[in-house]
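S.K.: I am attaching a structure below and will ask some questions about it afterwards.
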Amino acid sequence: MSKLGVFDISVRYGKVPAITDLTFHLEEGERVFIAGPNGAGKSSLLNAICGRVPTTHGRIEMDGDLLTGRAPEAIARLGLSMVPEGREIFGSLTVEENLRVGTGIRRDAEAVETDIEEIFAAFPILGERRRAAAGALSGGQQQMLAIGRALMTNPKLMMVDEPSLGLAPKIVDQVYDTLVALQEERGLTLLIVEQSSLRAARVGGRMVLMRGGRIVGEGNAADMADRDALAQAYFGNTQPEAEEVA
Amino acid sequence: MTNLAQLFFDAASLGGLYAMAALGIALIFGVMNLVNFAHGEYIAFCVFALIVPSTDAVAVMLLGRAPALLLVPLVLSLGAAIAIASEYAVFRHLRRADPVAMMISSFALGFVIRNALLAIYGGRPKAISLWPELNTPVAIVGADVPLLQLIVILTTLLVVAGLAGLLKKTRLGLEMRAAAENFTMARLLGVKANVVITGAFALSGALAAAVALIMATQTGVADVRMGGQIMLVAFIATVIGGLGSLPGAVAAGFLIGAASVLLQAFLPLDARPFRDAFLYSLVIVCLLVRPQGLFVPASAKPRV
């Protein structure tokens, strides 16, 4: 049984289809990147999995539990955590309070304290500013906080939507280093939306390519980075047009 | 000097009353973007719960006969209960609805409660006497202040401090603050929507009950319409304070109370009957200068 099973789901916003008959699986401990152009349905897929947007048909399972139709908080309680696009940190709460919002689902009070210290160890700047309002953090710091906050629910599966968006390359490196280290330490399964296939290739893992609400390619991130499939996903099948650009 | 002290106590107690009512509205708006116009009817409901149901002009105490130590928690729970019940019966089914639809539903709910009270108690205002000894004046810094005013000021401070403590120090408070800022994100982190919303309604209802007890003692009247006037002022206070900001609601409540008392004192005699016109002109000026509210939460941004 795979960690996450997405079976033939569709998502639409009003009449506009965002995802059409999409099926895919995620194995325990795997790291999977989702790439594709704007409007490919990457964020919609994540939002459907975490219960933020409803699916019009199909089903989603995690560890054999049906996620479809459950409230977001119920899905979070099953061990799924989300770092949304735009981070969505709670700006009026302090850094530490942000980390604590998601700990209400845990019963191991002592482990919560060690986990907080662990996150401050991984991102020292957050520890320094633990009592500061989170809204005053820089973009990179907010990204770290959003990741830390998602980890504090002690998830089995974590989804990260575009961690590199709006960040300096150096910061992105740091964010990915930490993600990978934390994954290995905790045996997390990671699903990451990443526009840059080069970045995905460097971090390593499986890559799924989406376009027009469907999966159009899949493979090892390193192999995929320079494949035709990628260019096709971004520019379509219109080869002449691509030549014109070149 | 005497006059100034008197003015201060008048302003602080009226402001405190407005602040508590405004908090009740801001709490619910914070977690579900609902301006609950039934809030005024919660207040009326709690006042009428004090007396025996009948259409007679003279009210006979029912709950009101209980000793204060029992009466206060009883009425506060009653306020919480009607608020929770209305969430369960009405607003729970409208979670995904447009804010305007929710607001209109709250009007409808208010009418239902008001007309139920009218049917049971009749339309005439009734004289009630709850803790009449609290209206005896006490001499303090040269002013004659009814004991009740001091109690109101003290209660407001206690309520504000208690609420701040609850929001800052407890798990529910943390979840309510997170939910007020970004409800969906809070849920994605496992925060239970029902717990947070029920908690907000319970607190809001208890605040309505506190306002009801104070108004009943102060005015000595039970009137079905008594909630409407204060609801209006409280709503304006939450708007001026910045919708969703709890400190803003408190501050603006006090501000309106103070402005109202000062206008009453210093307007020329001929203009005093039009005090409210002046008051609301000030409100308009406020909104023109700072349409987003005087105390906008740091997190304020358009939500999608």
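Please note that chains go A, B, ... in the order of the structure tokens, that every chain numbers its residues from 1, and that ligands are numbered from 1 in the order shown.
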For chain A, work out the contacting residues on chain B at 8 Å, counting only C-alpha atoms, and write them as a PyMOL selection string.

M.R.: chain B and resi 171+174-175+177-178+181-182+184-193+297-299

S.K.: Create the file for the chosen residues now, containing all heavy atoms and written as a compact mmCIF listing (two decimals), in the first residue's frame.

M.R.:
```txt
# COMPACT_ATOMS: atom_id res chain seq x y z
N ARG B 171 -4.62 27.50 25.26
CA ARG B 171 -4.64 26.79 23.98
C ARG B 171 -5.78 27.33 23.10
O ARG B 171 -5.58 27.64 21.94
CB ARG B 171 -4.83 25.30 24.28
CG ARG B 171 -4.95 24.41 23.09
CD ARG B 171 -3.62 24.03 22.52
NE ARG B 171 -3.69 24.12 21.08
CZ ARG B 171 -2.64 24.25 20.29
NH1 ARG B 171 -1.43 24.32 20.80
NH2 ARG B 171 -2.78 24.31 18.99
N LEU B 174 -4.96 30.74 21.76
CA LEU B 174 -4.01 30.69 20.65
C LEU B 174 -4.72 30.28 19.36
O LEU B 174 -4.54 30.89 18.31
CB LEU B 174 -2.88 29.69 20.98
CG LEU B 174 -1.86 29.46 19.88
CD1 LEU B 174 -1.05 30.72 19.60
CD2 LEU B 174 -0.92 28.31 20.24
N GLU B 175 -5.57 29.26 19.48
CA GLU B 175 -6.28 28.79 18.30
C GLU B 175 -7.25 29.84 17.78
O GLU B 175 -7.41 30.01 16.57
CB GLU B 175 -7.01 27.48 18.61
CG GLU B 175 -6.03 26.35 18.91
CD GLU B 175 -6.68 24.99 19.05
OE1 GLU B 175 -7.92 24.94 19.16
OE2 GLU B 175 -5.95 23.98 19.07
N ARG B 177 -6.91 33.11 18.09
CA ARG B 177 -6.16 34.19 17.42
C ARG B 177 -5.68 33.74 16.05
O ARG B 177 -5.72 34.49 15.08
CB ARG B 177 -4.98 34.62 18.29
CG ARG B 177 -5.41 35.55 19.42
CD ARG B 177 -4.21 36.08 20.18
NE ARG B 177 -3.50 35.02 20.86
CZ ARG B 177 -2.18 34.91 20.95
NH1 ARG B 177 -1.41 35.81 20.38
NH2 ARG B 177 -1.63 33.92 21.60
N ALA B 178 -5.19 32.50 15.97
CA ALA B 178 -4.74 31.99 14.68
C ALA B 178 -5.90 31.93 13.70
O ALA B 178 -5.79 32.35 12.55
CB ALA B 178 -4.11 30.61 14.86
N GLU B 181 -7.01 35.18 12.26
CA GLU B 181 -6.16 35.74 11.21
C GLU B 181 -6.28 34.96 9.91
O GLU B 181 -6.34 35.55 8.83
CB GLU B 181 -4.70 35.73 11.68
CG GLU B 181 -3.84 36.52 10.72
CD GLU B 181 -2.43 36.68 11.21
OE1 GLU B 181 -2.20 36.71 12.43
OE2 GLU B 181 -1.55 36.76 10.34
N ASN B 182 -6.30 33.65 10.00
CA ASN B 182 -6.38 32.84 8.76
C ASN B 182 -7.02 31.51 9.12
O ASN B 182 -6.36 30.57 9.54
CB ASN B 182 -4.98 32.63 8.20
CG ASN B 182 -5.00 31.92 6.86
OD1 ASN B 182 -5.95 31.20 6.54
ND2 ASN B 182 -3.96 32.11 6.08
N THR B 184 -8.55 29.13 7.43
CA THR B 184 -8.23 27.91 6.68
C THR B 184 -6.87 27.35 7.10
O THR B 184 -6.71 26.15 7.31
CB THR B 184 -8.22 28.19 5.18
OG1 THR B 184 -9.43 28.86 4.85
CG2 THR B 184 -8.10 26.92 4.39
N MET B 185 -5.89 28.25 7.22
CA MET B 185 -4.56 27.79 7.60
C MET B 185 -4.59 27.14 8.98
O MET B 185 -3.94 26.11 9.20
CB MET B 185 -3.59 28.97 7.58
CG MET B 185 -2.13 28.56 7.68
SD MET B 185 -1.58 27.49 6.34
CE MET B 185 -0.83 26.15 7.24
N ALA B 186 -5.35 27.72 9.89
CA ALA B 186 -5.45 27.14 11.23
C ALA B 186 -6.02 25.72 11.14
O ALA B 186 -5.53 24.79 11.78
CB ALA B 186 -6.32 28.01 12.13
N ARG B 187 -7.03 25.56 10.29
CA ARG B 187 -7.62 24.22 10.15
C ARG B 187 -6.64 23.25 9.54
O ARG B 187 -6.58 22.07 9.90
CB ARG B 187 -8.89 24.30 9.28
CG ARG B 187 -9.98 25.11 9.92
CD ARG B 187 -11.21 25.14 9.04
NE ARG B 187 -11.90 23.86 9.05
CZ ARG B 187 -12.94 23.58 8.27
NH1 ARG B 187 -13.38 24.48 7.41
NH2 ARG B 187 -13.53 22.41 8.33
N LEU B 188 -5.83 23.73 8.59
CA LEU B 188 -4.83 22.86 7.97
C LEU B 188 -3.81 22.38 9.00
O LEU B 188 -3.11 21.40 8.79
CB LEU B 188 -4.11 23.59 6.84
CG LEU B 188 -4.93 23.83 5.58
CD1 LEU B 188 -4.17 24.70 4.59
CD2 LEU B 188 -5.30 22.50 4.92
N LEU B 189 -3.72 23.11 10.11
CA LEU B 189 -2.81 22.70 11.18
C LEU B 189 -3.55 21.92 12.26
O LEU B 189 -3.05 21.76 13.37
CB LEU B 189 -2.12 23.93 11.78
CG LEU B 189 -1.13 24.61 10.83
CD1 LEU B 189 -0.79 26.01 11.31
CD2 LEU B 189 0.14 23.78 10.70
N GLY B 190 -4.75 21.49 11.95
CA GLY B 190 -5.47 20.62 12.87
C GLY B 190 -6.35 21.34 13.88
O GLY B 190 -6.94 20.70 14.74
N VAL B 191 -6.46 22.65 13.78
CA VAL B 191 -7.34 23.40 14.68
C VAL B 191 -8.79 23.11 14.30
O VAL B 191 -9.17 23.30 13.15
CB VAL B 191 -7.05 24.91 14.61
CG1 VAL B 191 -8.10 25.70 15.37
CG2 VAL B 191 -5.67 25.20 15.14
N LYS B 192 -9.59 22.67 15.27
CA LYS B 192 -10.96 22.28 14.96
C LYS B 192 -11.84 23.52 14.84
O LYS B 192 -12.02 24.28 15.79
CB LYS B 192 -11.51 21.38 16.06
CG LYS B 192 -11.00 19.95 15.96
CD LYS B 192 -11.67 19.07 16.98
CE LYS B 192 -11.21 17.63 16.80
NZ LYS B 192 -11.44 16.85 18.02
N ALA B 193 -12.42 23.69 13.65
CA ALA B 193 -13.26 24.86 13.38
C ALA B 193 -14.39 24.96 14.39
O ALA B 193 -14.66 26.03 14.93
CB ALA B 193 -13.81 24.77 11.97
N PRO B 297 -5.40 45.39 12.72
CA PRO B 297 -4.47 44.32 13.07
C PRO B 297 -3.31 44.27 12.09
O PRO B 297 -3.47 44.53 10.91
CB PRO B 297 -5.32 43.05 12.99
CG PRO B 297 -6.64 43.45 12.41
CD PRO B 297 -6.76 44.92 12.48
N ALA B 298 -2.13 43.96 12.60
CA ALA B 298 -0.93 43.94 11.78
C ALA B 298 -1.09 43.00 10.59
O ALA B 298 -0.50 43.18 9.54
CB ALA B 298 0.27 43.50 12.62
N SER B 299 -1.94 42.01 10.79
CA SER B 299 -2.07 40.97 9.77
C SER B 299 -3.07 41.35 8.70
O SER B 299 -3.26 40.61 7.76
CB SER B 299 -2.56 39.70 10.43
OG SER B 299 -3.77 39.98 11.10
```

S.K.: Once DSSP has gone over the backbone, tell me which residues of range 27-86 of chain B are in alpha helix (DSSP H), as a PyMOL selection string.

M.R.: chain B and resi 27-32+39-48+68-86

S.K.: Contacts of Ala161 in chain B at 12 Å or less, counting only C-alpha atoms, minus same-chain residues fewer than 5 places along, as a PyMOL selection string?

M.R.: chain B and resi 20+154-156+166-169+246-247+250

S.K.: So that I can see what lies close to Val221 in chain B, please list as JSON, numbers by chain the residues with an atom at most 6 Å from it, counting only C-alpha atoms and leaving out residues fewer than 6 positions away in the same chain.

M.R.: {"B": [126, 127, 128]}

S.K.: Applying 12 Å and only C-alpha atoms, which residues near Ala139 in chain B remain after dropping the ones on its own chain fewer than 4 positions away? List them as a PyMOL selection string.

M.R.: chain B and resi 2+5-6+9+143-147+150

S.K.: Suppose you want the space between CA of Glu194 in chain A and CA of Met207 in chain A; what is it in Å?

M.R.: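 Going from CA of Glu194 in chain A over to CA of Met207 in chain A covers 9.4 Å.
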
S.K.: Would you compute the distance between CA of Leu262 in chain B and CA of Gly220 in chain B? Give it in Å to one decimal.

M.R.: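 CA of Gly220 in chain B lies at a distance of 24.1 Å from CA of Leu262 in chain B.
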
S.K.: Would you mind listing what lies within 9 Å of Glu85 in chain A as a list in words, with only C-alpha atoms counted and same-chain residues fewer than 4 positions away left out?

M.R.: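 With the cut-off at 9 Å, the set is Ser43, Val160, Asp161, Glu162, Pro163 and Leu165 of chain A.
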
S.K.: Please produce an output containing N, CA and C atoms for each residue in the selection, written as a CSV table (one decimal), in the first residue's frame.

M.R.:
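Final file, out-v1.csv:
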```
chain,number,residue,atom,x,y,z
A,43,SER,N,-0.9,23.5,-7.5
A,43,SER,CA,-1.4,23.9,-6.2
A,43,SER,C,-2.8,23.3,-6.0
A,160,VAL,N,4.8,20.8,0.4
A,160,VAL,CA,5.4,22.1,0.4
A,160,VAL,C,5.1,22.7,-1.0
A,161,ASP,N,4.4,23.8,-1.0
A,161,ASP,CA,4.1,24.5,-2.2
A,161,ASP,C,5.0,25.6,-2.6
A,162,GLU,N,5.9,25.4,-3.6
A,162,GLU,CA,6.8,26.4,-4.0
A,162,GLU,C,7.7,27.0,-2.9
A,163,PRO,N,8.5,26.3,-2.3
A,163,PRO,CA,9.3,26.8,-1.2
A,163,PRO,C,10.3,27.9,-1.8
A,165,LEU,N,9.7,30.2,-4.0
A,165,LEU,CA,9.1,31.4,-4.6
A,165,LEU,C,9.5,32.7,-3.9
```

S.K.: Contacts of range 58-73 of chain B at 9 Å or less, counting only C-alpha atoms, minus same-chain residues fewer than 5 places along, as an MDAnalysis selection string?

M.R.: chainID B and resid 49:53 78 126:131 209:210 213 222

S.K.: Just the selected residues (N, CA, C and O atoms), exported as an mmCIF file, in the first residue's frame, please.

M.R.:
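Result file follows (again_33.cif):
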```cif
data_model
loop_
_atom_site.group_PDB
_atom_site.id
_atom_site.type_symbol
_atom_site.label_atom_id
_atom_site.label_comp_id
_atom_site.auth_asym_id
_atom_site.auth_seq_id
_atom_site.Cartn_x
_atom_site.Cartn_y
_atom_site.Cartn_z
ATOM 1 N N ALA B 49 -34.774 37.157 30.883
ATOM 2 C CA ALA B 49 -34.640 35.895 31.615
ATOM 3 C C ALA B 49 -34.683 36.133 33.121
ATOM 4 O O ALA B 49 -34.904 35.210 33.902
ATOM 5 N N LEU B 50 -34.484 37.393 33.514
ATOM 6 C CA LEU B 50 -34.482 37.703 34.947
ATOM 7 C C LEU B 50 -35.881 37.662 35.542
ATOM 8 O O LEU B 50 -36.050 37.527 36.745
ATOM 9 N N ILE B 51 -36.900 37.844 34.669
ATOM 10 C CA ILE B 51 -38.244 38.022 35.217
ATOM 11 C C ILE B 51 -39.190 36.916 34.779
ATOM 12 O O ILE B 51 -38.936 36.190 33.820
ATOM 13 N N VAL B 52 -40.300 36.806 35.517
ATOM 14 C CA VAL B 52 -41.305 35.785 35.236
ATOM 15 C C VAL B 52 -42.000 36.115 33.916
ATOM 16 O O VAL B 52 -42.397 37.254 33.702
ATOM 17 N N PRO B 53 -42.130 35.155 33.024
ATOM 18 C CA PRO B 53 -42.821 35.416 31.755
ATOM 19 C C PRO B 53 -44.269 35.813 31.993
ATOM 20 O O PRO B 53 -45.040 35.046 32.575
ATOM 21 N N LEU B 78 -26.333 31.582 30.591
ATOM 22 C CA LEU B 78 -27.519 31.675 29.748
ATOM 23 C C LEU B 78 -27.190 32.423 28.454
ATOM 24 O O LEU B 78 -27.603 32.027 27.365
ATOM 25 N N LYS B 126 -40.998 47.196 30.959
ATOM 26 C CA LYS B 126 -41.372 46.855 32.338
ATOM 27 C C LYS B 126 -40.341 47.414 33.300
ATOM 28 O O LYS B 126 -39.149 47.413 33.028
ATOM 29 N N ALA B 127 -40.878 47.851 34.437
ATOM 30 C CA ALA B 127 -39.958 48.289 35.493
ATOM 31 C C ALA B 127 -39.420 47.048 36.202
ATOM 32 O O ALA B 127 -40.175 46.159 36.577
ATOM 33 N N ILE B 128 -38.122 46.964 36.301
ATOM 34 C CA ILE B 128 -37.561 45.889 37.105
ATOM 35 C C ILE B 128 -36.574 46.500 38.092
ATOM 36 O O ILE B 128 -36.031 47.576 37.851
ATOM 37 N N SER B 129 -36.406 45.804 39.165
ATOM 38 C CA SER B 129 -35.467 46.352 40.135
ATOM 39 C C SER B 129 -34.451 45.270 40.500
ATOM 40 O O SER B 129 -34.714 44.342 41.242
ATOM 41 N N LEU B 130 -33.312 45.394 39.860
ATOM 42 C CA LEU B 130 -32.228 44.454 40.107
ATOM 43 C C LEU B 130 -31.147 45.206 40.857
ATOM 44 O O LEU B 130 -30.625 46.199 40.352
ATOM 45 N N TRP B 131 -30.794 44.728 42.016
ATOM 46 C CA TRP B 131 -29.740 45.342 42.823
ATOM 47 C C TRP B 131 -29.891 46.866 42.914
ATOM 48 O O TRP B 131 -28.974 47.615 42.560
ATOM 49 N N ALA B 209 -24.465 38.912 28.084
ATOM 50 C CA ALA B 209 -25.138 38.759 29.374
ATOM 51 C C ALA B 209 -24.613 39.770 30.390
ATOM 52 O O ALA B 209 -25.382 40.337 31.173
ATOM 53 N N ALA B 210 -23.302 40.006 30.370
ATOM 54 C CA ALA B 210 -22.732 40.988 31.294
ATOM 55 C C ALA B 210 -23.310 42.366 31.007
ATOM 56 O O ALA B 210 -23.708 43.098 31.927
ATOM 57 N N LEU B 213 -26.892 42.527 32.366
ATOM 58 C CA LEU B 213 -26.989 42.732 33.817
ATOM 59 C C LEU B 213 -26.750 44.189 34.171
ATOM 60 O O LEU B 213 -27.468 44.773 34.993
ATOM 61 N N ALA B 222 -36.891 46.689 31.656
ATOM 62 C CA ALA B 222 -36.725 45.602 30.699
ATOM 63 C C ALA B 222 -37.523 45.962 29.459
ATOM 64 O O ALA B 222 -38.733 46.094 29.516
#
```

S.K.: Could you give me, as an MDAnalysis selection string, each residue of range 169-230 of chain A that DSSP assigns to strand (DSSP E or B) when run on this structure's backbone?

M.R.: chainID A and resid 189:193 206:211 214:220

S.K.: Mind giving me the straight-line distance from CA of Val112 in chain A to CA of Arg130 in chain A in Å, one decimal?

M.R.: 15.2 Å
